[in-house]
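What follows is a set of notes on a single structure, which appears directly below.
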Amino acid sequence: MLARTHDLAAFTALGLVVVLQPERTVTLSTAIAALVGNLVGGITPDIDQPTAPLWRNLPVGGFIGRIIDRLLGGHRFLTHSLVGLVLFGFASHWLLLFLHPVLGAVNIGYVWWAYMIGMLSHLVMDTFTKEGVPWLLPIPVKFGIPPLKKLRITTGKTMETLLVFPGLVLLNLAVYIHNYQRILEILQRHVT
Ligand SMILES: [Zn+2]
């Protein structure tokens, strides 16, 4: 799927987790850091693609992207599996601990969860595409929903841009309208 669909899906998943959780108070800096972590998590698995936006935007990105692609076993391999999820979980945890001194009052636990939710949402979304996802690596089987490949989504094509993306936008609207009162209360508590 496209990077923007993945980011929207990551944001949607985070929103759903937040509204389903008992209410907590989060500082503005933690909320912003968690949102950034969530969006980065949403596109992390595609670092195995030399054409990923992250690599395209760097001067020698194409070159680095190709090396990373080889190291990770090619597209839809390690970063698109449960083993990859655990490895990146550890790596991001260490990175956040390392960055903690400069992050000040940011609650890095929340940022980590937001990142992992983003990454998991990526794998779930890719499961609906024609290529499928090798969830159980090293077992080299790619899983997809529905099992019939023909019915799955092709990245960047009509079904994704005209159905999945707008569908996610509507889902977000529904979630925030439904929880409007609660969100208002959280915001008011922070302002006063
Ligand atoms: Zn992917």
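Ordering of the structure tokens sets the chain letters (A, B, ...), residue numbers begin anew at 1 in every chain, and ligands are numbered from 1 in the order given.
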Running DSSP on the backbone, which parts of segment 6-170 of chain A land in alpha helix (DSSP H), as a PyMOL selection string? chain A and resi 6-20+28-43+53-56+61-71+82-103+108-127+158+165-170
Site check for ligand 1: residues at most 12 Å away, only C-alpha atoms and all ligand atoms, as an MDAnalysis selection string: chainID A and resid 1:7 41:49 51:52 74:81 118:135 155
Give me, please, the distance in Å between atom CA of His178 of chain A and atom CA of Thr12 of chain A, quoted to one decimal.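 For atom CA of His178 of chain A relative to atom CA of Thr12 of chain A, the distance reads 13.9 Å.
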Minimum-distance residue to Gly84 of chain A, chosen among A:Ile153, A:Ile183, A:Met116, A:Met159 (using only C-alpha atoms): A:Met116
